[in-house]
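Source file: query_5.cif (mmCIF, C-alpha atoms)
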data_final
loop_
_atom_site.label_atom_id
_atom_site.label_comp_id
_atom_site.auth_asym_id
_atom_site.auth_seq_id
_atom_site.Cartn_x
_atom_site.Cartn_y
_atom_site.Cartn_z
CA MET A 1 92.71 106.15 119.93
CA ALA A 2 91.07 103.25 118.17
CA THR A 3 92.74 101.88 115.11
CA SER A 4 91.86 98.66 113.38
CA TRP A 5 94.48 98.29 110.71
CA GLY A 6 97.22 96.25 112.33
CA GLY A 7 100.36 94.80 110.86
CA ASP A 8 102.93 96.84 109.03
CA GLY A 9 100.56 99.57 107.88
CA VAL A 10 100.60 98.53 104.24
CA MET A 11 97.10 98.68 102.83
CA SER A 12 95.71 97.76 99.44
CA MET A 13 92.81 99.65 97.89
CA THR A 14 91.02 96.34 97.52
CA GLU A 15 90.77 96.18 101.30
CA PHE A 16 88.27 99.03 101.36
CA VAL A 17 86.95 99.46 97.80
CA LEU A 18 83.68 97.58 97.39
CA ARG A 19 83.91 95.80 94.08
CA ASP A 20 80.15 95.85 93.55
CA ALA A 21 80.03 99.61 94.04
CA ILE A 22 82.59 100.54 91.36
CA LEU A 23 81.16 102.82 88.66
CA PRO A 24 83.13 102.72 85.39
CA THR A 25 80.93 105.38 83.81
CA LEU A 26 79.64 108.18 86.00
CA SER A 27 76.76 110.00 84.38
CA ALA A 28 76.59 113.10 86.59
CA THR A 29 78.42 116.19 85.43
CA THR A 30 78.75 118.20 88.65
CA ARG A 31 80.77 117.72 91.83
CA GLU A 32 77.64 117.19 93.92
CA GLY A 33 76.16 114.94 91.26
CA VAL A 34 79.08 112.52 91.09
CA ILE A 35 79.35 112.43 94.87
CA ARG A 36 75.66 111.52 95.10
CA GLU A 37 76.12 108.88 92.43
CA LEU A 38 79.08 107.28 94.22
CA ILE A 39 77.39 107.28 97.63
CA GLY A 40 74.25 105.86 96.04
CA SER A 41 76.35 103.04 94.65
CA LEU A 42 77.88 102.34 98.07
CA HIS A 43 74.38 102.30 99.53
CA ALA A 44 73.19 99.86 96.88
CA ALA A 45 76.06 97.57 97.90
CA GLY A 46 74.33 97.37 101.26
CA HIS A 47 76.75 98.89 103.73
CA PHE A 48 74.55 101.47 105.41
CA PRO A 49 70.80 101.98 105.83
CA ASN A 50 68.67 104.13 103.58
CA THR A 51 67.94 106.46 106.47
CA ASP A 52 71.61 107.49 106.58
CA LEU A 53 72.05 108.03 102.85
CA GLU A 54 71.25 111.74 102.71
CA ASP A 55 73.19 112.44 105.89
CA ILE A 56 76.30 110.83 104.41
CA VAL A 57 75.90 112.86 101.21
CA ARG A 58 75.65 116.03 103.30
CA ALA A 59 78.75 115.07 105.31
CA VAL A 60 80.84 114.53 102.16
CA LEU A 61 79.57 117.76 100.58
CA ARG A 62 80.32 119.64 103.81
CA ARG A 63 83.88 118.34 103.65
CA GLU A 64 84.15 119.58 100.05
CA GLN A 65 83.05 123.03 101.18
CA LEU A 66 86.04 123.16 103.55
CA GLY A 67 88.35 122.64 100.60
CA SER A 68 88.24 120.58 97.44
CA THR A 69 89.48 117.00 97.63
CA GLY A 70 90.57 117.32 94.01
CA ILE A 71 94.26 116.49 94.51
CA GLY A 72 95.33 117.23 90.95
CA ARG A 73 96.23 115.04 87.95
CA THR A 74 92.46 114.52 87.35
CA ILE A 75 92.01 112.70 90.68
CA ALA A 76 89.66 113.48 93.58
CA ILE A 77 89.22 111.70 96.91
CA PRO A 78 85.92 112.92 98.38
CA HIS A 79 85.57 111.54 101.89
CA SER A 80 84.00 111.82 105.28
CA ARG A 81 83.63 110.01 108.52
CA HIS A 82 80.21 108.76 109.49
CA ALA A 83 78.79 106.77 112.37
CA SER A 84 76.70 104.55 110.12
CA VAL A 85 79.70 102.55 108.86
CA THR A 86 81.53 100.09 111.06
CA ARG A 87 84.56 99.79 108.83
CA LEU A 88 86.27 101.86 106.18
CA ILE A 89 84.50 101.49 102.84
CA GLY A 90 85.06 103.11 99.48
CA THR A 91 84.37 103.02 95.80
CA VAL A 92 85.91 104.18 92.55
CA GLY A 93 84.10 106.06 89.79
CA ILE A 94 85.27 107.26 86.40
CA SER A 95 83.94 110.31 84.61
CA LYS A 96 84.85 110.06 80.94
CA ALA A 97 83.85 113.68 80.30
CA GLY A 98 85.47 115.09 83.43
CA VAL A 99 83.85 117.03 86.26
CA PRO A 100 84.73 120.55 87.45
CA PHE A 101 86.03 120.02 90.99
CA ASP A 102 87.97 123.13 91.95
CA SER A 103 91.06 120.91 92.10
CA ILE A 104 94.42 122.25 93.21
CA ASP A 105 95.68 122.23 89.61
CA GLY A 106 92.43 123.52 88.13
CA GLU A 107 91.97 120.40 86.00
CA ALA A 108 88.65 118.59 85.65
CA VAL A 109 88.40 115.34 87.59
CA HIS A 110 88.10 111.99 85.84
CA VAL A 111 89.06 109.50 88.57
CA LEU A 112 87.17 109.60 91.87
CA VAL A 113 87.82 107.51 94.95
CA LEU A 114 85.15 108.06 97.60
CA LEU A 115 85.84 106.98 101.19
CA ILE A 116 83.56 106.70 104.19
CA SER A 117 85.22 105.78 107.45
CA PRO A 118 84.01 105.20 111.00
CA GLN A 119 84.26 108.12 113.39
CA ASP A 120 86.83 106.54 115.65
CA ARG A 121 89.48 105.19 113.29
CA PRO A 122 91.68 108.04 112.08
CA GLY A 123 94.49 105.58 111.44
CA ASP A 124 92.48 103.66 108.87
CA HIS A 125 91.43 106.89 107.22
CA LEU A 126 95.00 108.18 106.91
CA ARG A 127 96.29 104.86 105.63
CA ALA A 128 93.52 104.72 103.04
CA LEU A 129 94.40 108.21 101.81
CA GLU A 130 98.06 107.20 101.68
CA CYS A 131 97.14 104.01 99.83
CA VAL A 132 95.10 105.89 97.20
CA VAL A 133 97.88 108.44 96.71
CA GLN A 134 100.46 105.66 96.41
CA THR A 135 98.38 103.78 93.84
CA MET A 136 97.69 106.90 91.79
CA ARG A 137 101.33 108.03 91.73
CA ASP A 138 101.77 106.03 88.56
CA ASP A 139 100.47 108.08 85.63
CA ALA A 140 99.93 104.87 83.68
CA VAL A 141 97.46 103.63 86.31
CA VAL A 142 95.52 106.89 86.21
CA GLU A 143 95.44 106.80 82.43
CA ALA A 144 94.30 103.17 82.40
CA LEU A 145 91.58 103.94 84.96
CA ARG A 146 90.29 106.74 82.76
CA LYS A 147 90.06 104.34 79.85
CA ALA A 148 88.63 101.41 81.81
CA ASP A 149 85.40 100.02 80.41
CA SER A 150 84.28 97.82 83.26
CA GLY A 151 84.25 97.47 87.02
CA ASP A 152 86.42 94.38 86.63
CA ASP A 153 89.10 96.39 84.81
CA ILE A 154 89.06 99.02 87.55
CA TRP A 155 89.19 96.37 90.24
CA ARG A 156 92.30 94.87 88.65
CA LEU A 157 93.93 98.28 88.28
CA VAL A 158 93.52 99.04 91.98
CA GLY A 159 95.15 95.77 92.87
CA GLY A 160 92.39 93.20 92.79
CA GLY A 161 92.70 89.73 91.34
CA PRO A 162 90.80 88.55 88.28
CA GLY A 163 88.35 86.37 90.27
CA MET B 164 130.72 126.80 103.70
CA THR B 165 127.33 125.09 103.68
CA LYS B 166 124.83 126.84 105.89
CA PRO B 167 122.75 124.72 108.25
CA PRO B 168 119.05 124.34 107.58
CA LEU B 169 116.49 125.82 109.92
CA ARG B 170 114.68 123.09 111.88
CA ARG B 171 111.70 123.08 114.19
CA CYS B 172 109.63 120.35 115.80
CA ALA B 173 105.84 120.09 115.91
CA VAL B 174 103.58 117.51 117.51
CA VAL B 175 100.39 116.60 115.65
CA ASN B 176 97.48 117.53 117.89
CA ASN B 177 94.66 116.98 115.43
CA PRO B 178 92.69 113.94 116.66
CA ASN B 179 92.50 112.76 113.06
CA GLY B 180 96.21 113.06 112.43
CA LEU B 181 97.77 114.92 109.51
CA HIS B 182 94.97 114.42 107.01
CA LEU B 183 94.28 115.97 103.62
CA ARG B 184 93.08 119.39 104.70
CA PRO B 185 95.94 120.44 107.00
CA ALA B 186 98.39 118.78 104.59
CA THR B 187 96.98 120.89 101.76
CA ARG B 188 97.13 124.05 103.88
CA PHE B 189 100.73 123.31 104.85
CA ALA B 190 101.78 122.68 101.24
CA GLN B 191 100.07 125.84 99.99
CA GLN B 192 101.91 127.90 102.59
CA ALA B 193 105.22 126.10 101.95
CA ARG B 194 105.03 126.63 98.20
CA VAL B 195 105.34 130.40 98.49
CA LEU B 196 108.67 130.12 100.33
CA PRO B 197 111.97 130.41 98.47
CA GLN B 198 113.53 127.65 100.60
CA ARG B 199 113.22 123.91 100.21
CA VAL B 200 110.76 122.59 102.83
CA THR B 201 111.14 119.03 104.10
CA VAL B 202 109.10 117.32 106.80
CA PHE B 203 110.52 114.34 108.69
CA HIS B 204 108.55 111.71 110.57
CA GLY B 205 110.98 109.20 111.97
CA GLU B 206 112.70 107.61 109.00
CA LYS B 207 110.22 109.04 106.51
CA ARG B 208 110.61 112.37 104.80
CA ALA B 209 108.22 114.39 102.65
CA ASP B 210 108.48 117.35 100.33
CA GLY B 211 106.61 119.97 102.33
CA LYS B 212 105.40 121.64 99.14
CA SER B 213 103.40 118.54 98.18
CA SER B 214 100.25 117.74 100.15
CA LEU B 215 100.32 114.22 98.75
CA ASP B 216 103.87 113.67 99.92
CA LEU B 217 102.82 114.86 103.36
CA LEU B 218 99.95 112.37 103.46
CA MET B 219 102.45 109.58 102.88
CA LEU B 220 103.98 110.33 106.29
CA ILE B 221 100.87 108.83 107.98
CA ALA B 222 101.34 111.15 110.94
CA MET B 223 98.91 110.08 113.65
CA PRO B 224 97.87 112.19 116.64
CA GLY B 225 100.90 112.64 118.86
CA ALA B 226 103.37 112.16 116.02
CA GLU B 227 106.52 114.24 116.32
CA LEU B 228 107.40 115.91 113.04
CA TRP B 229 110.46 117.95 112.18
CA VAL B 230 110.16 120.73 109.64
CA GLU B 231 113.31 121.80 107.84
CA LEU B 232 113.83 124.91 105.72
CA ASP B 233 116.90 124.78 103.56
CA GLY B 234 118.07 127.31 101.01
CA PRO B 235 118.31 131.06 100.65
CA ASP B 236 118.83 132.72 104.05
CA ALA B 237 117.09 129.89 105.92
CA ASP B 238 119.41 130.25 108.88
CA THR B 239 119.41 134.05 109.12
CA SER B 240 116.17 135.44 107.72
CA PRO B 241 113.54 136.56 110.22
CA ASP B 242 110.99 135.76 107.50
CA ALA B 243 112.20 132.16 107.41
CA ALA B 244 111.99 131.90 111.19
CA GLU B 245 108.45 133.24 111.11
CA ALA B 246 107.55 130.95 108.20
CA ILE B 247 108.73 127.79 109.92
CA ARG B 248 106.81 128.79 113.05
CA ALA B 249 103.65 129.24 111.00
CA LEU B 250 104.15 125.89 109.27
CA CYS B 251 104.61 124.15 112.62
CA ASP B 252 101.44 125.83 113.88
CA ILE B 253 99.52 124.17 111.04
CA LEU B 254 100.91 120.76 111.98
CA ALA B 255 100.14 121.29 115.67
CA ALA B 256 96.67 122.78 115.24
CA PRO B 257 94.06 120.81 117.17
CA GLY B 258 91.27 121.71 114.71
CA ASP B 259 89.15 118.76 113.78
CA ASP B 260 87.36 118.26 110.49
CA ALA B 261 86.92 115.63 107.81
#
Would you mind writing the structure in this file as structure tokens?
Amino acid sequence: MATSWGGDGVMSMTEFVLRDAILPTLSATTREGVIRELIGSLHAAGHFPNTDLEDIVRAVLRREQLGSTGIGRTIAIPHSRHASVTRLIGTVGISKAGVPFDSIDGEAVHVLVLLISPQDRPGDHLRALECVVQTMRDDAVVEALRKADSGDDIWRLVGGGPG
Amino acid sequence: MTKPPLRRCAVVNNPNGLHLRPATRFAQQARVLPQRVTVFHGEKRADGKSSLDLLMLIAMPGAELWVELDGPDADTSPDAAEAIRALCDILAAPGDDA
């Protein structure tokens, strides 16, 4: 089984979140809409070809149909695996208004972390999920993310430096 | 006298490991039980009623997990025995999805 994340298994969100793809203000108001917006932002950051864009959207939406990735506390982690990426990539988006997401606690989602991982690296995928959950355990971080005004603020909140 | 918990082992057969969907299914099923449900992966332990806790186990394919039911009638109830079997079936299911 291929895995690429070596070392002690500790991962930071900044190792897979693309800073240029962070969206501090999502404009869509539906689950499909915000997912499209986030994947569009990842695409604009240049990590997969235009020809794969719609297929990736469909893969993430298909995963949502199997069960919402709204994990509660206003957080969702939509994700999928796709052959067009060679490494785990992700982005963060904030919906100020909140999006209905069929979350486990029934709450609207404000903080979204979207992940796309290669087909053959389940270890990276699991560690990324663990990393997001670990980061979001702190209510203060979630609250600060909801209030963040810029991509730089979000980047810092998920562990990035000021540079 | 303290009664012993009910324990059962399961090996993760999903090629993607214990990811969000089976973890959510496990937690949903565990939450309806009257007993405390704990899942062990080596030195790590997770509250089986929390899908997020379960994700923190980072259980890869082939991982050996121990499920423990502790609390009312865990050691004697046929329902508890059936419940722990069903929970282990979720962990061991080979089904593959996102």
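Using only C-alpha atoms, one finds that the residues of chain A close to chain B, at 7 Å or less, are A:Arg63, A:Ser80, A:Arg81, A:Pro122, A:Gly123, A:Leu126, A:Arg127, A:Glu130, A:Val133.
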Would you write out those residues with C-alpha atoms, as a PDB file, in the frame of the given file?
ATOM      1  CA  ARG A  63      83.880 118.340 103.650  1.00  0.00           C
ATOM      2  CA  SER A  80      84.000 111.820 105.280  1.00  0.00           C
ATOM      3  CA  ARG A  81      83.630 110.010 108.520  1.00  0.00           C
ATOM      4  CA  PRO A 122      91.680 108.040 112.080  1.00  0.00           C
ATOM      5  CA  GLY A 123      94.490 105.580 111.440  1.00  0.00           C
ATOM      6  CA  LEU A 126      95.000 108.180 106.910  1.00  0.00           C
ATOM      7  CA  ARG A 127      96.290 104.860 105.630  1.00  0.00           C
ATOM      8  CA  GLU A 130      98.060 107.200 101.680  1.00  0.00           C
ATOM      9  CA  VAL A 133      97.880 108.440  96.710  1.00  0.00           C
TER      10      VAL A 133
END
I need the residue nearest Ser41 (chain A) from this list: A:Ser84, A:Thr74, A:Thr91, A:Ser12. Use only C-alpha atoms for the distance. A:Thr91
Write out as an mmCIF file with C-alpha atoms, in the frame of the given file the residues lying within 10 Å of Glu15 (chain A), counting all atoms listed in the file and excluding same-chain residues fewer than 2 positions away.
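Now in part-v8.cif:
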data_model
loop_
_atom_site.group_PDB
_atom_site.id
_atom_site.type_symbol
_atom_site.label_atom_id
_atom_site.label_comp_id
_atom_site.auth_asym_id
_atom_site.auth_seq_id
_atom_site.Cartn_x
_atom_site.Cartn_y
_atom_site.Cartn_z
ATOM 1 C CA MET A 11 97.100 98.680 102.830
ATOM 2 C CA SER A 12 95.710 97.760 99.440
ATOM 3 C CA MET A 13 92.810 99.650 97.890
ATOM 4 C CA VAL A 17 86.950 99.460 97.800
ATOM 5 C CA LEU A 18 83.680 97.580 97.390
ATOM 6 C CA ARG A 19 83.910 95.800 94.080
ATOM 7 C CA LEU A 88 86.270 101.860 106.180
ATOM 8 C CA ILE A 89 84.500 101.490 102.840
ATOM 9 C CA GLY A 90 85.060 103.110 99.480
ATOM 10 C CA ALA A 128 93.520 104.720 103.040
ATOM 11 C CA GLY A 159 95.150 95.770 92.870
ATOM 12 C CA GLY A 160 92.390 93.200 92.790
#
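Excluding Val111 (chain A) and any residue on its chain fewer than 3 positions from it, the residues at most 8 Å away by all atoms listed in the file are A:Thr74, A:Ile75, A:Ala76, A:Val92, A:Gly93, A:Ile94, A:Ser95, A:Val142, A:Leu145, A:Arg146.
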Using the selection just defined, write its residues with C-alpha atoms as a PDB file, keeping the file's coordinate frame.
ATOM      1  CA  THR A  74      92.460 114.520  87.350  1.00  0.00           C
ATOM      2  CA  ILE A  75      92.010 112.700  90.680  1.00  0.00           C
ATOM      3  CA  ALA A  76      89.660 113.480  93.580  1.00  0.00           C
ATOM      4  CA  VAL A  92      85.910 104.180  92.550  1.00  0.00           C
ATOM      5  CA  GLY A  93      84.100 106.060  89.790  1.00  0.00           C
ATOM      6  CA  ILE A  94      85.270 107.260  86.400  1.00  0.00           C
ATOM      7  CA  SER A  95      83.940 110.310  84.610  1.00  0.00           C
ATOM      8  CA  VAL A 142      95.520 106.890  86.210  1.00  0.00           C
ATOM      9  CA  LEU A 145      91.580 103.940  84.960  1.00  0.00           C
ATOM     10  CA  ARG A 146      90.290 106.740  82.760  1.00  0.00           C
TER      11      ARG A 146
END
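In this model, the gap between CA of Ala21 (chain A) and CA of Ile104 (chain A) comes to 26.8 Å.
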Please return region 202-223 of chain B, rebuilt to N, CA and C atoms, as a PDB file, keeping the file's coordinate frame.
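For reference, rebuild20.pdb as written:
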ATOM      1  N   VAL B 202     109.685 117.720 105.513  1.00  0.00           N
ATOM      2  CA  VAL B 202     109.100 117.320 106.800  1.00  0.00           C
ATOM      3  C   VAL B 202     109.530 115.890 107.090  1.00  0.00           C
ATOM      4  N   PHE B 203     110.026 115.665 108.292  1.00  0.00           N
ATOM      5  CA  PHE B 203     110.520 114.340 108.690  1.00  0.00           C
ATOM      6  C   PHE B 203     109.586 113.739 109.734  1.00  0.00           C
ATOM      7  N   HIS B 204     109.302 112.468 109.560  1.00  0.00           N
ATOM      8  CA  HIS B 204     108.550 111.710 110.570  1.00  0.00           C
ATOM      9  C   HIS B 204     109.302 110.401 110.766  1.00  0.00           C
ATOM     10  N   GLY B 205     110.114 110.368 111.790  1.00  0.00           N
ATOM     11  CA  GLY B 205     110.980 109.200 111.970  1.00  0.00           C
ATOM     12  C   GLY B 205     111.888 109.057 110.763  1.00  0.00           C
ATOM     13  N   GLU B 206     111.849 107.893 110.161  1.00  0.00           N
ATOM     14  CA  GLU B 206     112.700 107.610 109.000  1.00  0.00           C
ATOM     15  C   GLU B 206     112.137 108.181 107.706  1.00  0.00           C
ATOM     16  N   LYS B 207     110.855 108.551 107.748  1.00  0.00           N
ATOM     17  CA  LYS B 207     110.220 109.040 106.510  1.00  0.00           C
ATOM     18  C   LYS B 207     110.458 110.531 106.330  1.00  0.00           C
ATOM     19  N   ARG B 208     110.510 110.946 105.090  1.00  0.00           N
ATOM     20  CA  ARG B 208     110.610 112.370 104.800  1.00  0.00           C
ATOM     21  C   ARG B 208     109.662 112.723 103.662  1.00  0.00           C
ATOM     22  N   ALA B 209     109.165 113.954 103.681  1.00  0.00           N
ATOM     23  CA  ALA B 209     108.220 114.390 102.650  1.00  0.00           C
ATOM     24  C   ALA B 209     108.606 115.773 102.157  1.00  0.00           C
ATOM     25  N   ASP B 210     108.355 116.006 100.885  1.00  0.00           N
ATOM     26  CA  ASP B 210     108.480 117.350 100.330  1.00  0.00           C
ATOM     27  C   ASP B 210     107.320 118.167 100.886  1.00  0.00           C
ATOM     28  N   GLY B 211     107.648 119.181 101.669  1.00  0.00           N
ATOM     29  CA  GLY B 211     106.610 119.970 102.330  1.00  0.00           C
ATOM     30  C   GLY B 211     105.771 120.788 101.367  1.00  0.00           C
ATOM     31  N   LYS B 212     106.190 120.871 100.116  1.00  0.00           N
ATOM     32  CA  LYS B 212     105.400 121.640  99.140  1.00  0.00           C
ATOM     33  C   LYS B 212     104.400 120.753  98.418  1.00  0.00           C
ATOM     34  N   SER B 213     104.343 119.474  98.790  1.00  0.00           N
ATOM     35  CA  SER B 213     103.400 118.540  98.180  1.00  0.00           C
ATOM     36  C   SER B 213     102.477 117.958  99.246  1.00  0.00           C
ATOM     37  N   SER B 214     101.198 118.266  99.148  1.00  0.00           N
ATOM     38  CA  SER B 214     100.250 117.740 100.150  1.00  0.00           C
ATOM     39  C   SER B 214     100.205 116.215 100.075  1.00  0.00           C
ATOM     40  N   LEU B 215     100.387 115.675  98.899  1.00  0.00           N
ATOM     41  CA  LEU B 215     100.320 114.220  98.750  1.00  0.00           C
ATOM     42  C   LEU B 215     101.526 113.557  99.404  1.00  0.00           C
ATOM     43  N   ASP B 216     102.679 114.176  99.248  1.00  0.00           N
ATOM     44  CA  ASP B 216     103.870 113.670  99.920  1.00  0.00           C
ATOM     45  C   ASP B 216     103.657 113.676 101.441  1.00  0.00           C
ATOM     46  N   LEU B 217     103.049 114.742 101.923  1.00  0.00           N
ATOM     47  CA  LEU B 217     102.820 114.860 103.360  1.00  0.00           C
ATOM     48  C   LEU B 217     101.880 113.769 103.865  1.00  0.00           C
ATOM     49  N   LEU B 218     100.882 113.435 103.066  1.00  0.00           N
ATOM     50  CA  LEU B 218      99.950 112.370 103.460  1.00  0.00           C
ATOM     51  C   LEU B 218     100.673 111.041 103.647  1.00  0.00           C
ATOM     52  N   MET B 219     101.720 110.853 102.830  1.00  0.00           N
ATOM     53  CA  MET B 219     102.450 109.580 102.880  1.00  0.00           C
ATOM     54  C   MET B 219     103.201 109.395 104.203  1.00  0.00           C
ATOM     55  N   LEU B 220     103.291 110.448 104.994  1.00  0.00           N
ATOM     56  CA  LEU B 220     103.980 110.330 106.290  1.00  0.00           C
ATOM     57  C   LEU B 220     103.135 109.536 107.292  1.00  0.00           C
ATOM     58  N   ILE B 221     101.822 109.456 107.035  1.00  0.00           N
ATOM     59  CA  ILE B 221     100.870 108.830 107.980  1.00  0.00           C
ATOM     60  C   ILE B 221     101.184 109.281 109.411  1.00  0.00           C
ATOM     61  N   ALA B 222     101.045 110.575 109.626  1.00  0.00           N
ATOM     62  CA  ALA B 222     101.340 111.150 110.940  1.00  0.00           C
ATOM     63  C   ALA B 222     100.070 111.131 111.793  1.00  0.00           C
ATOM     64  N   MET B 223     100.067 110.237 112.760  1.00  0.00           N
ATOM     65  CA  MET B 223      98.910 110.080 113.650  1.00  0.00           C
ATOM     66  C   MET B 223      98.959 111.122 114.763  1.00  0.00           C
TER      67      MET B 223
END
